[in-house]
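Engineer: Got a structure here, written out as structure tokens. Questions coming.
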Amino acid sequence: MLADFHRRAPLVAAVVLALAGSVVAATLSPVGAAAAPSTTTLHLGYFPNVTHAPALVGVESGLFQQDLGPNVKLSLTTFNAGPAAGEALLSGSIDATYVGPNPAINAFVQSHGGVRVVSGAASGGAFLVVRPGITKAADLKGKVLASPQLGNTQDVALRTYLSKHGLKTDVSGGGDVSIRPQDNAVTLQAFEQKQIDGAWVPEPWATRLVTEGGGKVLVDERTLWPHGTFVTTELLVRTDFLQAHPDVVQSLLTGQVDAVHLIATNPTRAEQLVGQGIVHATGKSLAPSIIAASFQSITFTNDPIASSLQTTADNAKKLGLLKSANLKGLYDLRLLNKVLKARQQPVIAAP
């Protein structure tokens, strides 16, 4: 037996040494090995409209993903109008969205501060287009008009315009002027088929109503605002996401600033990217001439033009579409200004 033990001793020793090495390696490996980088998903919303060109350009050019970096996955959702985007934001389905001022206001009020405007995106690009025989506001009495969605930015603008001209409306489509909130594509078809007499819509739908539907512009919304500037599109983020992932939001804002810069310095390329983005979102192409015409009425800017938002909130409250017009705390431009400073661009004063 003793001889047998001596014959097996080298094997036993080898096993013991191997096990000991495994234990040491297991103990030391968490310290010596680099931890795998965590991945964050950013769920971003936007519309396939020319007024959302910074979003379309940022997505299609790859600027957003480039600035977000490899550890952030970009998940995209498109919407027809702001209220639906606002609901998705408040439900947690998305983390941030490009949206018009009224849905931003509604989301802020409904959530008691659960969202923040972190940047502007566009000013202008909204029109009331009507049939050629309509030449003034009084001619709209008894007519049927459309807006993208009840309570959205253009819907409030239309109802406010009519009210200031003594024309009553209600949310059920009654009153002196009947308003039908509906999808913009449906509005174009209804206008072509003479089922409606006009619509207050953003670009490119206004240009399409003119070029494809034979309509004419009765109101360019820029004429209703001081200096012709008012917020059409801004970037809205859930407050809890902003607090949990400020680095991700700052990276998204870097993409926003870079997209606006691309639009300003290479509009031809930007128009191509917008057309590409609309095809990807809707499956339908838009004539380059329509996109180019739409660009002429829009100013793409990182400034959220806060003064116009307060006026918009006051108008919505007067119409009974908003309970409160108190917007204190809505804006958080700190990360945007960090990006602007890094890009050597003027910062935007907080409202």
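Quick note on naming: the chains in the structure tokens go A, B, ... in the order shown, residues restart at 1 in each chain, and ligands are numbered from 1 in order of appearance.
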Could you make a table, as CSV, of the residues of segment 70-127 of chain A that have an atom within 6 Å of an atom of segment 288-310 of chain A, each with its nearest atom pair and distance in Å to one decimal, counting only C-alpha atoms, in chain and number order?

Structural biologist:
residue,atom,partner,partner_atom,distance
A:Ser119,CA,A:Asn302,CA,5.6
A:Gly120,CA,A:Pro304,CA,3.6
A:Ala121,CA,A:Thr301,CA,5.0
A:Ala122,CA,A:Phe300,CA,4.3
A:Ser123,CA,A:Thr299,CA,5.1
A:Gly124,CA,A:Ile298,CA,4.8
A:Gly125,CA,A:Ile298,CA,4.8

Engineer: Just write the chosen residues, C-alpha atoms, as a short mmCIF file (atom, residue, chain, number, x, y, z; two decimals), in the first residue's frame.

Structural biologist:
data_model
loop_
_atom_site.label_atom_id
_atom_site.label_comp_id
_atom_site.auth_asym_id
_atom_site.auth_seq_id
_atom_site.Cartn_x
_atom_site.Cartn_y
_atom_site.Cartn_z
CA SER A 119 -33.74 72.60 -26.19
CA GLY A 120 -35.55 74.24 -29.04
CA ALA A 121 -35.53 72.85 -32.59
CA ALA A 122 -37.63 74.98 -34.95
CA SER A 123 -39.57 78.22 -35.34
CA GLY A 124 -42.21 78.92 -37.99
CA GLY A 125 -43.45 76.53 -40.67
#

Engineer: Using DSSP on the backbone coordinates, identify the residues of segment 188-263 of chain A assigned to strand (DSSP E); present them as a PyMOL selection string.

Structural biologist: chain A and resi 198-202+216-220+231-238

Engineer: I need the residues from that last selection saved to file as a tab-separated table (two decimals), in the first residue's frame (with all heavy atoms), if you can.

Structural biologist:
chain	number	residue	atom	x	y	z
A	198	GLY	N	-60.28	73.75	-45.45
A	198	GLY	CA	-58.94	74.23	-45.14
A	198	GLY	C	-58.38	73.52	-43.92
A	198	GLY	O	-59.06	72.68	-43.30
A	199	ALA	N	-57.15	73.87	-43.56
A	199	ALA	CA	-56.50	73.25	-42.40
A	199	ALA	C	-55.34	74.11	-41.93
A	199	ALA	O	-54.68	74.78	-42.73
A	199	ALA	CB	-56.00	71.85	-42.77
A	200	TRP	N	-55.12	74.07	-40.62
A	200	TRP	CA	-53.93	74.72	-40.02
A	200	TRP	C	-52.94	73.60	-39.75
A	200	TRP	O	-53.16	72.76	-38.86
A	200	TRP	CB	-54.31	75.43	-38.73
A	200	TRP	CG	-53.33	76.48	-38.29
A	200	TRP	CD1	-52.01	76.31	-37.99
A	200	TRP	CD2	-53.60	77.87	-38.11
A	200	TRP	NE1	-51.44	77.50	-37.63
A	200	TRP	CE2	-52.39	78.49	-37.70
A	200	TRP	CE3	-54.73	78.67	-38.24
A	200	TRP	CZ2	-52.29	79.84	-37.40
A	200	TRP	CZ3	-54.64	80.02	-37.97
A	200	TRP	CH2	-53.42	80.61	-37.55
A	201	VAL	N	-51.87	73.54	-40.52
A	201	VAL	CA	-50.96	72.40	-40.45
A	201	VAL	C	-49.50	72.85	-40.53
A	201	VAL	O	-49.20	73.94	-41.02
A	201	VAL	CB	-51.24	71.41	-41.61
A	201	VAL	CG1	-52.53	70.65	-41.38
A	201	VAL	CG2	-51.27	72.14	-42.95
A	202	PRO	N	-48.58	72.00	-40.07
A	202	PRO	CA	-47.14	72.29	-40.19
A	202	PRO	C	-46.63	71.83	-41.55
A	202	PRO	O	-47.31	71.10	-42.28
A	202	PRO	CB	-46.54	71.45	-39.06
A	202	PRO	CG	-47.43	70.25	-39.00
A	202	PRO	CD	-48.83	70.75	-39.31
A	216	LYS	N	-54.68	77.80	-50.99
A	216	LYS	CA	-53.87	79.01	-50.88
A	216	LYS	C	-53.66	79.33	-49.40
A	216	LYS	O	-54.46	78.94	-48.54
A	216	LYS	CB	-54.55	80.19	-51.57
A	216	LYS	CG	-55.77	80.72	-50.85
A	216	LYS	CD	-56.21	82.06	-51.42
A	216	LYS	CE	-57.25	82.71	-50.53
A	216	LYS	NZ	-57.68	84.03	-51.02
A	217	VAL	N	-52.59	80.02	-49.09
A	217	VAL	CA	-52.30	80.39	-47.71
A	217	VAL	C	-53.15	81.59	-47.31
A	217	VAL	O	-53.09	82.64	-47.95
A	217	VAL	CB	-50.81	80.73	-47.55
A	217	VAL	CG1	-50.54	81.29	-46.15
A	217	VAL	CG2	-49.96	79.48	-47.77
A	218	LEU	N	-53.96	81.40	-46.28
A	218	LEU	CA	-54.72	82.53	-45.73
A	218	LEU	C	-53.95	83.16	-44.58
A	218	LEU	O	-53.94	84.39	-44.42
A	218	LEU	CB	-56.09	82.06	-45.23
A	218	LEU	CG	-57.00	83.15	-44.66
A	218	LEU	CD1	-57.37	84.16	-45.74
A	218	LEU	CD2	-58.25	82.56	-44.02
A	219	VAL	N	-53.28	82.33	-43.76
A	219	VAL	CA	-52.51	82.83	-42.62
A	219	VAL	C	-51.17	82.14	-42.54
A	219	VAL	O	-51.09	80.91	-42.47
A	219	VAL	CB	-53.27	82.61	-41.29
A	219	VAL	CG1	-52.45	83.16	-40.12
A	219	VAL	CG2	-54.64	83.24	-41.31
A	220	ASP	N	-50.10	82.93	-42.60
A	220	ASP	CA	-48.76	82.47	-42.26
A	220	ASP	C	-48.58	82.81	-40.78
A	220	ASP	O	-48.61	83.97	-40.40
A	220	ASP	CB	-47.72	83.20	-43.11
A	220	ASP	CG	-46.28	82.79	-42.79
A	220	ASP	OD1	-46.04	82.24	-41.71
A	220	ASP	OD2	-45.40	83.06	-43.62
A	231	VAL	N	-42.00	79.30	-31.11
A	231	VAL	CA	-41.53	77.92	-31.07
A	231	VAL	C	-42.53	77.00	-31.77
A	231	VAL	O	-43.73	77.05	-31.52
A	231	VAL	CB	-41.27	77.45	-29.62
A	231	VAL	CG1	-42.53	77.52	-28.76
A	231	VAL	CG2	-40.68	76.04	-29.61
A	232	THR	N	-42.01	76.19	-32.67
A	232	THR	CA	-42.82	75.19	-33.36
A	232	THR	C	-42.48	73.79	-32.86
A	232	THR	O	-43.35	72.95	-32.68
A	232	THR	CB	-42.57	75.26	-34.88
A	232	THR	OG1	-42.86	76.57	-35.34
A	232	THR	CG2	-43.46	74.27	-35.62
A	233	THR	N	-41.18	73.57	-32.64
A	233	THR	CA	-40.71	72.26	-32.19
A	233	THR	C	-39.64	72.44	-31.12
A	233	THR	O	-38.78	73.32	-31.25
A	233	THR	CB	-40.12	71.45	-33.36
A	233	THR	OG1	-41.04	71.45	-34.46
A	233	THR	CG2	-39.85	70.01	-32.95
A	234	GLU	N	-39.71	71.62	-30.07
A	234	GLU	CA	-38.70	71.66	-29.02
A	234	GLU	C	-38.44	70.23	-28.54
A	234	GLU	O	-39.19	69.31	-28.87
A	234	GLU	CB	-39.13	72.56	-27.87
A	234	GLU	CG	-40.49	72.27	-27.30
A	234	GLU	CD	-41.06	73.42	-26.50
A	234	GLU	OE1	-40.36	74.41	-26.30
A	234	GLU	OE2	-42.21	73.32	-26.07
A	235	LEU	N	-37.39	70.07	-27.78
A	235	LEU	CA	-37.01	68.75	-27.29
A	235	LEU	C	-37.41	68.62	-25.82
A	235	LEU	O	-36.97	69.40	-24.97
A	235	LEU	CB	-35.51	68.54	-27.45
A	235	LEU	CG	-34.95	67.18	-27.00
A	235	LEU	CD1	-35.67	66.03	-27.69
A	235	LEU	CD2	-33.45	67.11	-27.29
A	236	LEU	N	-38.26	67.65	-25.54
A	236	LEU	CA	-38.83	67.43	-24.22
A	236	LEU	C	-38.33	66.10	-23.67
A	236	LEU	O	-38.32	65.09	-24.36
A	236	LEU	CB	-40.36	67.41	-24.33
A	236	LEU	CG	-41.19	67.46	-23.06
A	236	LEU	CD1	-41.03	68.82	-22.37
A	236	LEU	CD2	-42.67	67.23	-23.38
A	237	VAL	N	-37.91	66.10	-22.40
A	237	VAL	CA	-37.34	64.90	-21.77
A	237	VAL	C	-38.04	64.64	-20.44
A	237	VAL	O	-38.39	65.57	-19.72
A	237	VAL	CB	-35.82	65.09	-21.52
A	237	VAL	CG1	-35.22	63.86	-20.84
A	237	VAL	CG2	-35.09	65.37	-22.81
A	238	ARG	N	-38.26	63.36	-20.13
A	238	ARG	CA	-38.79	63.01	-18.81
A	238	ARG	C	-37.82	63.43	-17.73
A	238	ARG	O	-36.60	63.20	-17.84
A	238	ARG	CB	-39.04	61.51	-18.69
A	238	ARG	CG	-40.27	61.01	-19.37
A	238	ARG	CD	-40.78	59.67	-18.78
A	238	ARG	NE	-39.76	58.91	-18.11
A	238	ARG	CZ	-39.02	57.96	-18.67
A	238	ARG	NH1	-39.16	57.68	-19.94
A	238	ARG	NH2	-38.13	57.29	-17.97

Engineer: Which of these, A:Leu321, A:Val118, A:Val59, A:Ala85, has the shortest distance to Thr239 of chain A once you count only C-alpha atoms?

Structural biologist: A:Val118

Engineer: Contacts of His245 of chain A at 12 Å or less, counting only C-alpha atoms, minus same-chain residues fewer than 6 places along, as a list in words?

Structural biologist: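 The neighbour list is Thr39, Thr40, Thr41, Leu42, Leu68, Val72, Asp95, Ala96, Val237, Arg238, Thr239, Ser251, Leu252 and Leu335 of chain A.
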
Engineer: Can I get the selection written as a CSV table (one decimal), in the first residue's frame, with N, CA, C and O atoms?

Structural biologist:
chain,number,residue,atom,x,y,z
A,39,THR,N,-25.0,49.3,-21.0
A,39,THR,CA,-25.7,49.9,-22.2
A,39,THR,C,-27.0,50.5,-21.7
A,39,THR,O,-27.8,49.9,-21.0
A,40,THR,N,-27.2,51.7,-22.1
A,40,THR,CA,-28.4,52.4,-21.8
A,40,THR,C,-29.2,52.6,-23.1
A,40,THR,O,-28.6,52.9,-24.2
A,41,THR,N,-30.5,52.4,-23.1
A,41,THR,CA,-31.4,52.6,-24.2
A,41,THR,C,-32.1,53.9,-24.1
A,41,THR,O,-32.7,54.2,-23.1
A,42,LEU,N,-32.0,54.8,-25.1
A,42,LEU,CA,-32.7,56.0,-25.2
A,42,LEU,C,-33.8,55.9,-26.2
A,42,LEU,O,-33.6,55.7,-27.4
A,68,LEU,N,-24.0,59.9,-29.2
A,68,LEU,CA,-24.5,59.1,-28.0
A,68,LEU,C,-23.4,58.1,-27.7
A,68,LEU,O,-23.2,57.8,-26.5
A,72,VAL,N,-24.8,53.6,-25.8
A,72,VAL,CA,-26.2,54.0,-25.8
A,72,VAL,C,-26.9,53.5,-27.0
A,72,VAL,O,-26.5,53.8,-28.2
A,95,ASP,N,-38.4,58.2,-23.6
A,95,ASP,CA,-37.7,59.0,-22.7
A,95,ASP,C,-37.6,60.5,-23.0
A,95,ASP,O,-37.5,61.3,-22.2
A,96,ALA,N,-37.7,60.7,-24.3
A,96,ALA,CA,-37.5,62.1,-24.9
A,96,ALA,C,-38.3,62.2,-26.2
A,96,ALA,O,-38.4,61.1,-26.9
A,237,VAL,N,-37.9,66.1,-22.4
A,237,VAL,CA,-37.3,64.9,-21.8
A,237,VAL,C,-38.0,64.6,-20.4
A,237,VAL,O,-38.4,65.6,-19.7
A,238,ARG,N,-38.3,63.4,-20.1
A,238,ARG,CA,-38.8,63.0,-18.8
A,238,ARG,C,-37.8,63.4,-17.7
A,238,ARG,O,-36.6,63.2,-17.8
A,239,THR,N,-38.3,64.1,-16.7
A,239,THR,CA,-37.5,64.6,-15.6
A,239,THR,C,-36.7,63.5,-14.9
A,239,THR,O,-35.5,63.6,-14.7
A,251,SER,N,-25.4,64.1,-24.4
A,251,SER,CA,-24.9,63.5,-25.7
A,251,SER,C,-26.0,63.7,-26.8
A,251,SER,O,-25.7,64.0,-28.0
A,252,LEU,N,-27.3,63.5,-26.4
A,252,LEU,CA,-28.3,63.8,-27.4
A,252,LEU,C,-28.4,65.2,-27.8
A,252,LEU,O,-28.6,65.6,-29.0
A,335,LEU,N,-27.6,71.7,-19.6
A,335,LEU,CA,-26.8,70.8,-20.5
A,335,LEU,C,-26.7,71.3,-21.9
A,335,LEU,O,-25.6,71.2,-22.5

Engineer: To one decimal place in Å, what is the distance between atom CA of Leu286 of chain A and atom CA of Phe47 of chain A?

Structural biologist: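 Separation of atom CA of Leu286 of chain A and atom CA of Phe47 of chain A: 14.5 Å.
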
Engineer: Go through A:Glu60, A:Asp240, A:Asp176, A:Glu87 one by one, measure the shortest atom-to-atom distance of each to Val279 of chain A using only C-alpha atoms, and give the residue with the smallest value.

Structural biologist: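 Between A:Glu60, A:Asp240, A:Asp176, A:Glu87, the residue approaching Val279 of chain A most closely is A:Glu60.
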